$ cat work02.pdb   # PDB, C-alpha atoms
ATOM      1  CA  MET S   1      11.867  13.129  81.520
ATOM      2  CA  LYS S   2      13.220  15.595  79.081
ATOM      3  CA  SER S   3      15.496  14.552  76.259
ATOM      4  CA  HIS S   4      16.746  16.120  73.081
ATOM      5  CA  ALA S   5      15.965  12.795  71.320
ATOM      6  CA  LEU S   6      12.236  12.860  71.986
ATOM      7  CA  ARG S   7      11.343  15.764  69.739
ATOM      8  CA  PRO S   8      12.747  14.397  66.502
ATOM      9  CA  LEU S   9      11.304  10.993  67.436
ATOM     10  CA  PHE S  10       7.896  12.622  67.764
ATOM     11  CA  VAL S  11       8.327  14.246  64.341
ATOM     12  CA  VAL S  12       9.255  10.882  62.797
ATOM     13  CA  ILE S  13       6.190   9.226  64.316
ATOM     14  CA  VAL S  14       3.891  11.969  63.039
ATOM     15  CA  VAL S  15       5.352  11.686  59.534
ATOM     16  CA  LEU S  16       4.907   7.890  59.627
ATOM     17  CA  VAL S  17       1.285   8.223  60.704
ATOM     18  CA  ILE S  18       0.618  10.721  57.920
ATOM     19  CA  ILE S  19       2.187   8.377  55.369
ATOM     20  CA  LEU S  20       0.109   5.436  56.622
ATOM     21  CA  ILE S  21      -3.120   7.463  56.489
ATOM     22  CA  PHE S  22      -2.245   8.685  52.998
ATOM     23  CA  ARG S  23      -1.484   5.097  51.963
ATOM     24  CA  THR S  24      -4.849   3.724  53.072
ATOM     25  CA  LEU S  25      -6.565   6.510  51.175
ATOM     26  CA  ILE S  26      -4.663   6.133  47.911
ATOM     27  CA  VAL S  27      -4.238   2.351  47.584
ATOM     28  CA  PRO S  28      -7.346   0.736  46.063
ATOM     29  CA  LYS S  29      -9.314  -1.639  48.282
ATOM     30  CA  ASP S  30      -8.789  -4.580  45.937
ATOM     31  CA  PHE S  31      -5.027  -4.196  45.899
ATOM     32  CA  GLY S  32      -3.213  -6.897  47.817
ATOM     33  CA  ILE S  33      -2.199 -10.535  47.722
ATOM     34  CA  HIS S  34      -4.570 -12.657  45.649
ATOM     35  CA  LEU S  35      -4.619 -16.107  44.055
ATOM     36  CA  ARG S  36      -4.651 -17.731  47.506
ATOM     37  CA  ASP S  37      -6.200 -20.920  46.160
ATOM     38  CA  THR S  38      -3.542 -21.390  43.494
ATOM     39  CA  PRO S  39       0.175 -22.138  43.809
ATOM     40  CA  PHE S  40       0.778 -18.435  43.186
ATOM     41  CA  GLY S  41      -0.788 -16.973  46.313
ATOM     42  CA  SER S  42       2.296 -15.135  47.518
ATOM     43  CA  TYR S  43       3.790 -11.687  47.692
ATOM     44  CA  ILE S  44       5.902 -12.410  44.602
ATOM     45  CA  TRP S  45       3.233 -13.798  42.286
ATOM     46  CA  GLY S  46      -0.149 -12.753  43.611
ATOM     47  CA  TYR S  47       0.444  -9.099  44.419
ATOM     48  CA  TYR S  48      -1.807  -6.933  42.249
ATOM     49  CA  ARG S  49      -5.039  -4.974  41.855
ATOM     50  CA  LYS S  50      -7.872  -7.471  41.427
ATOM     51  CA  GLY S  51     -10.008  -4.997  39.487
ATOM     52  CA  ASP S  52      -7.576  -5.138  36.579
ATOM     53  CA  GLU S  53      -8.927  -8.576  35.650
ATOM     54  CA  ASP S  54     -12.340  -7.026  34.998
ATOM     55  CA  TYR S  55     -10.728  -4.228  32.989
ATOM     56  CA  TRP S  56      -9.207  -6.761  30.598
ATOM     57  CA  LYS S  57     -12.353  -8.911  30.520
ATOM     58  CA  ALA S  58     -14.324  -5.874  29.383
ATOM     59  CA  PHE S  59     -11.597  -4.717  26.985
ATOM     60  CA  LYS S  60     -12.741  -4.788  23.370
ATOM     61  CA  VAL S  61     -10.183  -6.323  21.039
ATOM     62  CA  LYS S  62      -9.959  -5.217  17.419
ATOM     63  CA  HIS S  63      -9.630  -8.709  15.969
ATOM     64  CA  GLN S  64     -12.989 -10.362  16.552
ATOM     65  CA  THR S  65     -12.364 -13.753  14.877
ATOM     66  CA  MET S  66     -14.685 -15.676  12.553
ATOM     67  CA  ASN S  67     -17.398 -16.053  15.176
ATOM     68  CA  TYR S  68     -18.118 -12.359  14.874
ATOM     69  CA  CYS S  69     -18.576 -12.564  11.076
ATOM     70  CA  LYS S  70     -20.503 -15.805  10.713
ATOM     71  CA  ASP S  71     -24.035 -14.570  11.403
ATOM     72  CA  CYS S  72     -24.266 -11.732   8.885
ATOM     73  CA  HIS S  73     -21.866 -13.199   6.314
ATOM     74  CA  SER S  74     -23.032 -16.796   6.731
ATOM     75  CA  GLU S  75     -22.715 -17.580   3.011
ATOM     76  CA  GLN S  76     -19.029 -16.697   2.873
ATOM     77  CA  TYR S  77     -18.454 -18.251   6.283
ATOM     78  CA  LYS S  78     -19.887 -21.608   5.194
ATOM     79  CA  LYS S  79     -17.794 -21.504   2.047
ATOM     80  CA  ILE S  80     -14.537 -20.939   3.850
ATOM     81  CA  ILE S  81     -15.000 -23.404   6.702
ATOM     82  CA  ASN S  82     -15.678 -26.142   4.169
ATOM     83  CA  SER S  83     -12.606 -25.233   2.127
ATOM     84  CA  LYS S  84      -8.937 -25.848   2.707
ATOM     85  CA  HIS S  85      -8.758 -22.316   4.085
ATOM     86  CA  ALA S  86     -10.910 -23.344   7.047
ATOM     87  CA  LYS S  87      -8.343 -22.204   9.562
ATOM     88  CA  VAL S  88      -7.647 -18.860   7.891
ATOM     89  CA  GLN S  89      -9.436 -16.104   9.777
ATOM     90  CA  CYS S  90     -11.622 -13.642   7.854
ATOM     91  CA  GLU S  91      -9.684 -10.735   9.344
ATOM     92  CA  ASN S  92      -6.414 -11.935   7.811
ATOM     93  CA  CYS S  93      -7.510 -10.470   4.472
ATOM     94  CA  HIS S  94     -10.405  -8.204   5.432
ATOM     95  CA  GLY S  95      -8.600  -6.459   8.271
ATOM     96  CA  PRO S  96      -9.613  -6.183  11.925
ATOM     97  CA  ALA S  97     -13.364  -5.840  12.341
ATOM     98  CA  VAL S  98     -13.270  -3.591  15.440
ATOM     99  CA  ASP S  99     -16.935  -2.370  15.540
ATOM    100  CA  HIS S 100     -17.472  -3.259  11.917
ATOM    101  CA  PRO S 101     -21.060  -2.554  10.902
ATOM    102  CA  GLU S 102     -20.804   0.859  12.558
ATOM    103  CA  LYS S 103     -17.147   1.726  12.572
ATOM    104  CA  PRO S 104     -15.636   1.087  10.070
ATOM    105  CA  GLU S 105     -18.686   0.755   7.819
ATOM    106  CA  LYS S 106     -16.711  -1.055   5.163
ATOM    107  CA  LEU S 107     -13.574  -3.088   5.665
ATOM    108  CA  ASN S 108     -10.661  -2.737   3.290
ATOM    109  CA  ILE S 109      -9.928  -6.043   1.597
ATOM    110  CA  ASP S 110      -6.256  -6.717   1.040
ATOM    111  CA  ARG S 111      -6.105  -8.184  -2.481
ATOM    112  CA  ASN S 112      -2.369  -7.750  -2.803
ATOM    113  CA  ARG S 113      -0.298 -10.609  -4.171
ATOM    114  CA  GLU S 114       2.061 -10.213  -1.246
ATOM    115  CA  LEU S 115      -0.676 -11.225   1.173
ATOM    116  CA  CYS S 116      -1.144 -14.616  -0.510
ATOM    117  CA  LEU S 117       2.611 -15.019  -0.873
ATOM    118  CA  ARG S 118       3.063 -14.949   2.882
ATOM    119  CA  CYS S 119       2.062 -18.604   2.806
ATOM    120  CA  HIS S 120       2.011 -19.615  -0.852
ATOM    121  CA  ALA S 121       5.391 -18.372  -2.078
ATOM    122  CA  TYR S 122       7.685 -21.298  -2.725
ATOM    123  CA  LEU S 123      10.425 -21.767  -0.124
ATOM    124  CA  PRO S 124      12.260 -25.096   0.016
ATOM    125  CA  TYR S 125      11.989 -25.054   3.805
ATOM    126  CA  ARG S 126       8.359 -24.108   4.229
ATOM    127  CA  THR S 127       6.327 -26.837   5.909
ATOM    128  CA  ALA S 128       4.108 -28.252   3.179
ATOM    129  CA  LYS S 129       2.212 -31.054   4.903
ATOM    130  CA  TYR S 130      -0.737 -30.193   7.111
ATOM    131  CA  GLU S 131      -3.747 -31.901   8.539
ATOM    132  CA  LEU S 132      -7.291 -30.617   8.174
ATOM    133  CA  ARG S 133     -10.292 -32.464   9.625
ATOM    134  CA  GLY S 134      -8.055 -35.507  10.036
ATOM    135  CA  VAL S 135      -7.066 -35.532   6.362
ATOM    136  CA  PRO S 136      -3.531 -34.687   5.265
ATOM    137  CA  ILE S 137      -3.396 -31.699   2.906
ATOM    138  CA  THR S 138      -0.568 -30.066   0.994
ATOM    139  CA  LEU S 139       0.241 -26.374   1.098
ATOM    140  CA  LYS S 140       0.403 -25.306  -2.540
ATOM    141  CA  MET S 141       3.392 -23.102  -3.218
ATOM    142  CA  GLN S 142       4.294 -21.086  -6.313
ATOM    143  CA  ASP S 143       7.366 -19.217  -7.415
ATOM    144  CA  PRO S 144       6.038 -15.636  -7.294
ATOM    145  CA  ASP S 145       8.459 -14.433  -9.972
ATOM    146  CA  ALA S 146       7.403 -17.103 -12.474
ATOM    147  CA  HIS S 147       3.684 -17.607 -11.814
ATOM    148  CA  ASN S 148       1.568 -14.976 -13.671
ATOM    149  CA  THR S 149       3.500 -11.980 -12.412
ATOM    150  CA  GLY S 150       1.668  -8.679 -12.152
ATOM    151  CA  ILE S 151      -1.811 -10.171 -11.826
ATOM    152  CA  GLU S 152      -3.680 -10.294  -8.554
ATOM    153  CA  CYS S 153      -4.121 -13.861  -7.298
ATOM    154  CA  VAL S 154      -7.857 -13.284  -6.823
ATOM    155  CA  ALA S 155      -8.220 -12.722 -10.597
ATOM    156  CA  CYS S 156      -8.120 -16.513 -11.024
ATOM    157  CA  HIS S 157      -8.319 -17.967  -7.508
ATOM    158  CA  SER S 158     -11.122 -17.802  -4.981
ATOM    159  CA  PRO S 159      -9.768 -17.411  -1.467
ATOM    160  CA  HIS S 160     -13.099 -18.434   0.096
ATOM    161  CA  GLU S 161     -13.056 -21.776  -1.653
ATOM    162  CA  ALA S 162      -9.288 -22.150  -1.868
ATOM    163  CA  SER S 163      -9.637 -23.134  -5.500
ATOM    164  CA  LEU S 164      -9.766 -21.733  -9.026
ATOM    165  CA  LYS S 165     -12.748 -19.587  -9.845
TER     166      LYS S 165
ATOM    167  CA  MET L   1      26.782 -50.156  69.792
ATOM    168  CA  ASN L   2      24.831 -53.390  69.502
ATOM    169  CA  CYS L   3      23.768 -54.564  66.113
ATOM    170  CA  SER L   4      22.623 -58.083  65.444
ATOM    171  CA  ARG L   5      23.131 -59.733  62.079
ATOM    172  CA  ARG L   6      19.373 -59.487  61.379
ATOM    173  CA  GLU L   7      19.264 -55.750  62.196
ATOM    174  CA  PHE L   8      22.300 -55.090  60.079
ATOM    175  CA  LEU L   9      20.793 -56.851  57.061
ATOM    176  CA  GLU L  10      17.429 -55.134  57.524
ATOM    177  CA  SER L  11      18.820 -51.615  57.744
ATOM    178  CA  GLY L  12      21.244 -52.352  54.922
ATOM    179  CA  LEU L  13      18.376 -53.387  52.672
ATOM    180  CA  LYS L  14      16.390 -50.240  53.604
ATOM    181  CA  THR L  15      19.357 -48.010  52.782
ATOM    182  CA  ILE L  16      19.765 -49.632  49.384
ATOM    183  CA  LEU L  17      16.059 -49.224  48.605
ATOM    184  CA  LEU L  18      16.068 -45.571  49.672
ATOM    185  CA  ALA L  19      19.199 -44.805  47.675
ATOM    186  CA  GLY L  20      17.521 -46.339  44.652
ATOM    187  CA  LEU L  21      14.711 -43.781  44.755
ATOM    188  CA  PRO L  22      15.124 -41.335  41.893
ATOM    189  CA  LEU L  23      15.313 -37.639  42.702
ATOM    190  CA  SER L  24      12.121 -37.063  40.787
ATOM    191  CA  ALA L  25      10.232 -38.959  43.491
ATOM    192  CA  PHE L  26      10.825 -35.945  45.711
ATOM    193  CA  GLU L  27       9.398 -33.532  43.132
ATOM    194  CA  ILE L  28       6.184 -33.655  45.114
ATOM    195  CA  LEU L  29       7.912 -31.890  48.015
ATOM    196  CA  LYS L  30       8.459 -28.708  45.996
ATOM    197  CA  PRO L  31       6.339 -25.863  47.422
ATOM    198  CA  GLU L  32       4.418 -25.263  44.207
ATOM    199  CA  ALA L  33       3.771 -28.971  43.663
ATOM    200  CA  LEU L  34       2.529 -29.342  47.225
ATOM    201  CA  ALA L  35       0.332 -26.291  46.866
ATOM    202  CA  SER L  36      -1.159 -27.552  43.607
ATOM    203  CA  ILE L  37      -2.042 -30.855  45.264
ATOM    204  CA  MET L  38      -3.438 -29.288  48.410
ATOM    205  CA  LYS L  39      -5.343 -26.362  46.912
ATOM    206  CA  GLY L  40      -4.933 -26.749  43.158
ATOM    207  CA  LYS L  41      -8.206 -26.625  41.284
ATOM    208  CA  GLY L  42      -9.524 -25.116  38.149
ATOM    209  CA  ARG L  43      -7.776 -24.640  34.891
ATOM    210  CA  ARG L  44      -4.521 -23.004  33.996
ATOM    211  CA  TRP L  45      -4.290 -21.588  30.478
ATOM    212  CA  ALA L  46      -1.115 -21.602  28.459
ATOM    213  CA  PHE L  47      -0.071 -20.330  25.049
ATOM    214  CA  LEU L  48       1.679 -22.738  22.702
ATOM    215  CA  VAL L  49       3.089 -22.480  19.201
ATOM    216  CA  ASP L  50       3.868 -25.585  17.156
ATOM    217  CA  VAL L  51       7.044 -24.331  15.488
ATOM    218  CA  THR L  52       7.124 -27.288  13.104
ATOM    219  CA  LYS L  53       3.923 -25.950  11.548
ATOM    220  CA  CYS L  54       4.976 -22.295  11.325
ATOM    221  CA  VAL L  55       5.188 -21.201   7.666
ATOM    222  CA  GLY L  56       6.458 -17.761   8.615
ATOM    223  CA  CYS L  57       3.415 -15.962   7.218
ATOM    224  CA  GLY L  58       3.955 -13.139   9.697
ATOM    225  CA  MET L  59       0.246 -12.606  10.361
ATOM    226  CA  CYS L  60       0.847 -12.775  14.129
ATOM    227  CA  VAL L  61       3.284  -9.860  13.876
ATOM    228  CA  LYS L  62       0.893  -7.864  11.701
ATOM    229  CA  ALA L  63      -2.051  -8.623  13.995
ATOM    230  CA  CYS L  64      -0.043  -7.635  17.073
ATOM    231  CA  LYS L  65       0.859  -4.315  15.486
ATOM    232  CA  LEU L  66      -2.720  -3.560  14.435
ATOM    233  CA  GLU L  67      -4.229  -4.753  17.692
ATOM    234  CA  ASN L  68      -1.906  -2.852  19.992
ATOM    235  CA  GLU L  69      -1.470   0.184  17.748
ATOM    236  CA  VAL L  70       2.280  -0.231  17.432
ATOM    237  CA  PRO L  71       3.611   2.143  14.726
ATOM    238  CA  TYR L  72       3.206  -0.017  11.626
ATOM    239  CA  ASP L  73       6.172   1.076   9.544
ATOM    240  CA  THR L  74       8.795   1.035  12.272
ATOM    241  CA  LYS L  75      10.993  -1.944  12.979
ATOM    242  CA  VAL L  76       9.890  -2.162  16.611
ATOM    243  CA  SER L  77       7.906  -5.228  17.592
ATOM    244  CA  ARG L  78       7.868  -7.479  20.628
ATOM    245  CA  THR L  79       6.328 -10.282  18.588
ATOM    246  CA  TRP L  80       8.540 -11.317  15.758
ATOM    247  CA  ILE L  81       9.584 -14.212  13.529
ATOM    248  CA  GLU L  82      13.134 -15.260  12.810
ATOM    249  CA  ARG L  83      14.200 -17.321   9.833
ATOM    250  CA  TYR L  84      17.153 -19.665  10.296
ATOM    251  CA  VAL L  85      18.807 -21.082   7.210
ATOM    252  CA  ALA L  86      21.763 -23.387   7.909
ATOM    253  CA  LEU L  87      23.908 -24.125   4.861
ATOM    254  CA  TYR L  88      26.157 -27.105   4.210
ATOM    255  CA  ASP L  89      29.192 -24.799   4.031
ATOM    256  CA  GLY L  90      28.743 -23.994   7.726
ATOM    257  CA  ARG L  91      27.121 -20.587   7.387
ATOM    258  CA  VAL L  92      23.891 -19.889   9.228
ATOM    259  CA  LEU L  93      21.778 -17.082   7.777
ATOM    260  CA  ILE L  94      19.394 -15.562  10.281
ATOM    261  CA  ASP L  95      17.035 -12.737   9.413
ATOM    262  CA  SER L  96      13.801 -11.110  10.410
ATOM    263  CA  PRO L  97      12.959  -8.343   7.910
ATOM    264  CA  MET L  98      10.585  -5.834   9.557
ATOM    265  CA  ALA L  99      10.261  -8.365  12.420
ATOM    266  CA  GLY L 100       8.637 -10.733   9.920
ATOM    267  CA  ARG L 101       5.641  -8.401   9.544
ATOM    268  CA  ASP L 102       5.297  -9.085   5.810
ATOM    269  CA  GLY L 103       6.217 -12.752   6.003
ATOM    270  CA  PHE L 104       8.994 -14.327   3.984
ATOM    271  CA  PRO L 105       7.783 -14.362   0.376
ATOM    272  CA  ARG L 106      11.251 -14.740  -1.188
ATOM    273  CA  ASN L 107      14.040 -17.216  -0.562
ATOM    274  CA  ASP L 108      16.549 -14.486   0.256
ATOM    275  CA  PRO L 109      17.868 -14.893   3.806
ATOM    276  CA  GLN L 110      19.990 -11.815   4.589
ATOM    277  CA  GLY L 111      19.502 -10.740   0.997
ATOM    278  CA  GLN L 112      21.424 -13.711  -0.373
ATOM    279  CA  LYS L 113      20.200 -16.166  -2.961
ATOM    280  CA  VAL L 114      20.567 -19.690  -1.666
ATOM    281  CA  ALA L 115      20.095 -22.828  -3.723
ATOM    282  CA  LYS L 116      17.894 -25.610  -2.421
ATOM    283  CA  GLU L 117      20.801 -28.089  -2.577
ATOM    284  CA  ASP L 118      22.953 -25.935  -0.262
ATOM    285  CA  ILE L 119      20.442 -25.834   2.589
ATOM    286  CA  ALA L 120      21.156 -28.293   5.391
ATOM    287  CA  LYS L 121      18.134 -27.225   7.379
ATOM    288  CA  ALA L 122      15.954 -24.183   7.753
ATOM    289  CA  TYR L 123      13.013 -23.185   9.859
ATOM    290  CA  PHE L 124      11.003 -20.279  11.261
ATOM    291  CA  VAL L 125      10.971 -19.391  14.940
ATOM    292  CA  PRO L 126       8.035 -17.229  16.017
ATOM    293  CA  LYS L 127       8.793 -15.344  19.201
ATOM    294  CA  LEU L 128       5.819 -14.347  21.273
ATOM    295  CA  CYS L 129       4.955 -13.942  24.934
ATOM    296  CA  ASN L 130       5.068 -17.409  26.469
ATOM    297  CA  LEU L 131       2.840 -16.597  29.451
ATOM    298  CA  CYS L 132       5.475 -18.313  31.627
ATOM    299  CA  GLN L 133       4.413 -20.337  34.609
ATOM    300  CA  LYS L 134       6.894 -18.472  36.798
ATOM    301  CA  SER L 135       7.063 -15.302  34.848
ATOM    302  CA  PRO L 136      10.076 -13.056  35.532
ATOM    303  CA  CYS L 137       8.133  -9.986  34.420
ATOM    304  CA  VAL L 138       5.585 -10.600  37.176
ATOM    305  CA  GLN L 139       8.266 -11.306  39.728
ATOM    306  CA  VAL L 140      10.303  -8.157  39.163
ATOM    307  CA  CYS L 141       7.425  -5.687  38.996
ATOM    308  CA  PRO L 142       7.928  -3.348  41.963
ATOM    309  CA  VAL L 143       4.330  -2.124  42.067
ATOM    310  CA  GLY L 144       2.363  -5.257  41.196
ATOM    311  CA  ALA L 145       1.239  -3.928  37.818
ATOM    312  CA  SER L 146       2.459  -7.014  35.985
ATOM    313  CA  HIS L 147       0.373  -9.875  37.332
ATOM    314  CA  TYR L 148      -1.279 -13.248  36.862
ATOM    315  CA  THR L 149      -4.932 -14.011  36.732
ATOM    316  CA  PRO L 150      -6.217 -17.146  38.496
ATOM    317  CA  GLU L 151      -6.259 -18.789  35.034
ATOM    318  CA  GLY L 152      -2.511 -18.249  34.570
ATOM    319  CA  ILE L 153      -2.615 -15.385  32.078
ATOM    320  CA  VAL L 154       0.001 -12.653  32.461
ATOM    321  CA  LEU L 155      -1.520  -9.160  32.302
ATOM    322  CA  ILE L 156      -0.409  -5.582  32.800
ATOM    323  CA  ASP L 157      -2.396  -3.156  34.892
ATOM    324  CA  ARG L 158      -2.268  -0.091  32.653
ATOM    325  CA  SER L 159      -3.410   2.355  35.284
ATOM    326  CA  TRP L 160      -0.979   0.998  37.863
ATOM    327  CA  CYS L 161       2.226   0.671  35.788
ATOM    328  CA  ILE L 162       4.856   3.287  36.585
ATOM    329  CA  GLY L 163       6.813   2.601  33.413
ATOM    330  CA  CYS L 164      10.070   1.591  35.089
ATOM    331  CA  GLY L 165      10.800  -1.029  32.431
ATOM    332  CA  TYR L 166      12.016  -3.761  34.796
ATOM    333  CA  CYS L 167       9.760  -6.316  33.114
ATOM    334  CA  VAL L 168      11.296  -5.484  29.728
ATOM    335  CA  MET L 169      14.747  -6.228  31.149
ATOM    336  CA  ALA L 170      13.569  -9.369  32.920
ATOM    337  CA  CYS L 171      11.872 -11.125  30.011
ATOM    338  CA  PRO L 172      14.178 -13.982  28.948
ATOM    339  CA  TYR L 173      12.528 -14.104  25.512
ATOM    340  CA  GLY L 174      12.671 -10.399  24.761
ATOM    341  CA  THR L 175       8.941 -10.333  24.157
ATOM    342  CA  ARG L 176       7.871  -7.906  26.851
TER     343      ARG L 176
END
$ encode --input "work02.pdb" --output "structure tokens"
Amino acid sequence: MKSHALRPLFVVIVVLVIILIFRTLIVPKDFGIHLRDTPFGSYIWGYYRKGDEDYWKAFKVKHQTMNYCKDCHSEQYKKIINSKHAKVQCENCHGPAVDHPEKPEKLNIDRNRELCLRCHAYLPYRTAKYELRGVPITLKMQDPDAHNTGIECVACHSPHEASLK
Amino acid sequence: MNCSRREFLESGLKTILLAGLPLSAFEILKPEALASIMKGKGRRWAFLVDVTKCVGCGMCVKACKLENEVPYDTKVSRTWIERYVALYDGRVLIDSPMAGRDGFPRNDPQGQKVAKEDIAKAYFVPKLCNLCQKSPCVQVCPVGASHYTPEGIVLIDRSWCIGCGYCVMACPYGTR
């Protein structure tokens, strides 16, 4: 049988085969439908490259939280977790640790008034009642334009103890 | 059709009982509910913010910028805090200076001085990724770069993303 339709059909099939071969080569082995044992095991929700989970597990974040600081700076750590600032992370004032002892060698401490005022500036609608270790505490607020203007808060207050020096 | 008095009363009673079933009794028939009963195990993580506790300190915005290396002095941020101040005269002042990066140290919503007595109610609304259970950003991704982990966290595959921006459009909270 000879037909003018067969030739282009043959070309289409060859192109398809090439595309399929190319596809198997370029798509990673772990790409496909995952999460089969969860409610999300479908084409819509579970379609991704599994290896990306390991990428993010190994990813080093810049903010390391208090747990990173507590061994070397145990004195300051003990002070702050026993104060009313217990829930304030070290990095809020000291900046992200990243790879701290190596890079950066020294963290820049933010002693600016504006940093303290983020929480402690008086606003009539700021939530003032909190609970710490099961005990109600009050967020102390000051009018920044009336309370010792021009002086850094840390001149009189100790942020690690959340009290006057 | 034959129907004795007894049969009529019996089927009548059954119909009434069935009709009395609330719709929520059939919740279990939803595909995802069925799946979670049949193969659901392990833990699903979520991200919650207690907005009644938010003081608007803006540290989450600052941390997001530092962590993800977003240009610090631009107004762009996909994590931000809005301040709502509703006044008794009917006005509602809403602002988010620099996306709330520096907090709200002054009582100056939209640059206006408001007296304490004029405020009907006011609060802060932090807007962050909600790690939705049925996340639109995961659903719309044409290449599977936006995805869940088995623990329910929404991630982006950096090496796989083609940058089409569908997820940005899809996010109902504007946080993608």
$ closest_residue --input "work02.pdb" --among "S:Asn82, S:Asn112, S:Gln142, S:Ser158" --to "Pro124 in chain S" --atoms "only C-alpha atoms"
S:Gln142
$ residues_around --input "work02.pdb" --residues "Tyr173 in chain L" --least-positions-apart "4" --cutoff "9 Å" --atoms "all atoms listed in the file" --output "ChimeraX atom specification"
/L:127-130
$ interface_residues --input "work02.pdb" --of "chain L" --to "chain S" --cutoff "8 Å" --atoms "all atoms listed in the file" --output "PDB file with C-alpha atoms, in the coordinates of the input"
ATOM      1  CA  GLU L  32       4.418 -25.263  44.207  1.00  0.00           C
ATOM      2  CA  ALA L  33       3.771 -28.971  43.663  1.00  0.00           C
ATOM      3  CA  ALA L  35       0.332 -26.291  46.866  1.00  0.00           C
ATOM      4  CA  SER L  36      -1.159 -27.552  43.607  1.00  0.00           C
ATOM      5  CA  LYS L  39      -5.343 -26.362  46.912  1.00  0.00           C
ATOM      6  CA  GLY L  40      -4.933 -26.749  43.158  1.00  0.00           C
ATOM      7  CA  LYS L  41      -8.206 -26.625  41.284  1.00  0.00           C
ATOM      8  CA  THR L  52       7.124 -27.288  13.104  1.00  0.00           C
ATOM      9  CA  LYS L  53       3.923 -25.950  11.548  1.00  0.00           C
ATOM     10  CA  CYS L  54       4.976 -22.295  11.325  1.00  0.00           C
ATOM     11  CA  VAL L  55       5.188 -21.201   7.666  1.00  0.00           C
ATOM     12  CA  GLY L  56       6.458 -17.761   8.615  1.00  0.00           C
ATOM     13  CA  CYS L  57       3.415 -15.962   7.218  1.00  0.00           C
ATOM     14  CA  GLY L  58       3.955 -13.139   9.697  1.00  0.00           C
ATOM     15  CA  MET L  59       0.246 -12.606  10.361  1.00  0.00           C
ATOM     16  CA  ALA L  63      -2.051  -8.623  13.995  1.00  0.00           C
ATOM     17  CA  LEU L  66      -2.720  -3.560  14.435  1.00  0.00           C
ATOM     18  CA  GLU L  67      -4.229  -4.753  17.692  1.00  0.00           C
ATOM     19  CA  ASP L 102       5.297  -9.085   5.810  1.00  0.00           C
ATOM     20  CA  GLY L 103       6.217 -12.752   6.003  1.00  0.00           C
ATOM     21  CA  PHE L 104       8.994 -14.327   3.984  1.00  0.00           C
ATOM     22  CA  PRO L 105       7.783 -14.362   0.376  1.00  0.00           C
ATOM     23  CA  ARG L 106      11.251 -14.740  -1.188  1.00  0.00           C
ATOM     24  CA  ASN L 107      14.040 -17.216  -0.562  1.00  0.00           C
ATOM     25  CA  LYS L 116      17.894 -25.610  -2.421  1.00  0.00           C
ATOM     26  CA  LYS L 121      18.134 -27.225   7.379  1.00  0.00           C
ATOM     27  CA  ALA L 122      15.954 -24.183   7.753  1.00  0.00           C
ATOM     28  CA  TYR L 123      13.013 -23.185   9.859  1.00  0.00           C
ATOM     29  CA  VAL L 138       5.585 -10.600  37.176  1.00  0.00           C
ATOM     30  CA  GLN L 139       8.266 -11.306  39.728  1.00  0.00           C
ATOM     31  CA  VAL L 143       4.330  -2.124  42.067  1.00  0.00           C
ATOM     32  CA  GLY L 144       2.363  -5.257  41.196  1.00  0.00           C
ATOM     33  CA  ALA L 145       1.239  -3.928  37.818  1.00  0.00           C
ATOM     34  CA  SER L 146       2.459  -7.014  35.985  1.00  0.00           C
ATOM     35  CA  HIS L 147       0.373  -9.875  37.332  1.00  0.00           C
ATOM     36  CA  TYR L 148      -1.279 -13.248  36.862  1.00  0.00           C
ATOM     37  CA  THR L 149      -4.932 -14.011  36.732  1.00  0.00           C
ATOM     38  CA  PRO L 150      -6.217 -17.146  38.496  1.00  0.00           C
ATOM     39  CA  ASP L 157      -2.396  -3.156  34.892  1.00  0.00           C
TER      40      ASP L 157
END
$ residues_around --input "work02.pdb" --residues "range 106-111 of chain S" --least-positions-apart "2" --cutoff "7 Å" --atoms "all atoms listed in the file" --output "NGL selection string"
:S and (93-95 or 104 or 113 or 152 or 154)
$ atom_distance --input "work02.pdb" --atom1 "CA of Lys65 in chain L" --atom2 "CA of Ile81 in chain L"
13.3 Å
$ closest_residue --input "work02.pdb" --among "S:Ala58, S:Cys156, S:Val27, S:Cys72" --to "His100 in chain S" --atoms "all atoms listed in the file"
S:Cys72
$ resolve_selection --input "work02.pdb" --expression "the PyMOL selection byres ((chain S and resi 66) around 8)" --output "VMD selection string"
chain S and resid 64 to 65 67 to 70 77 89 to 91
$ atom_distance --input "work02.pdb" --atom1 "CA of Leu6 in chain S" --atom2 "CA of Ile21 in chain S"
22.5 Å
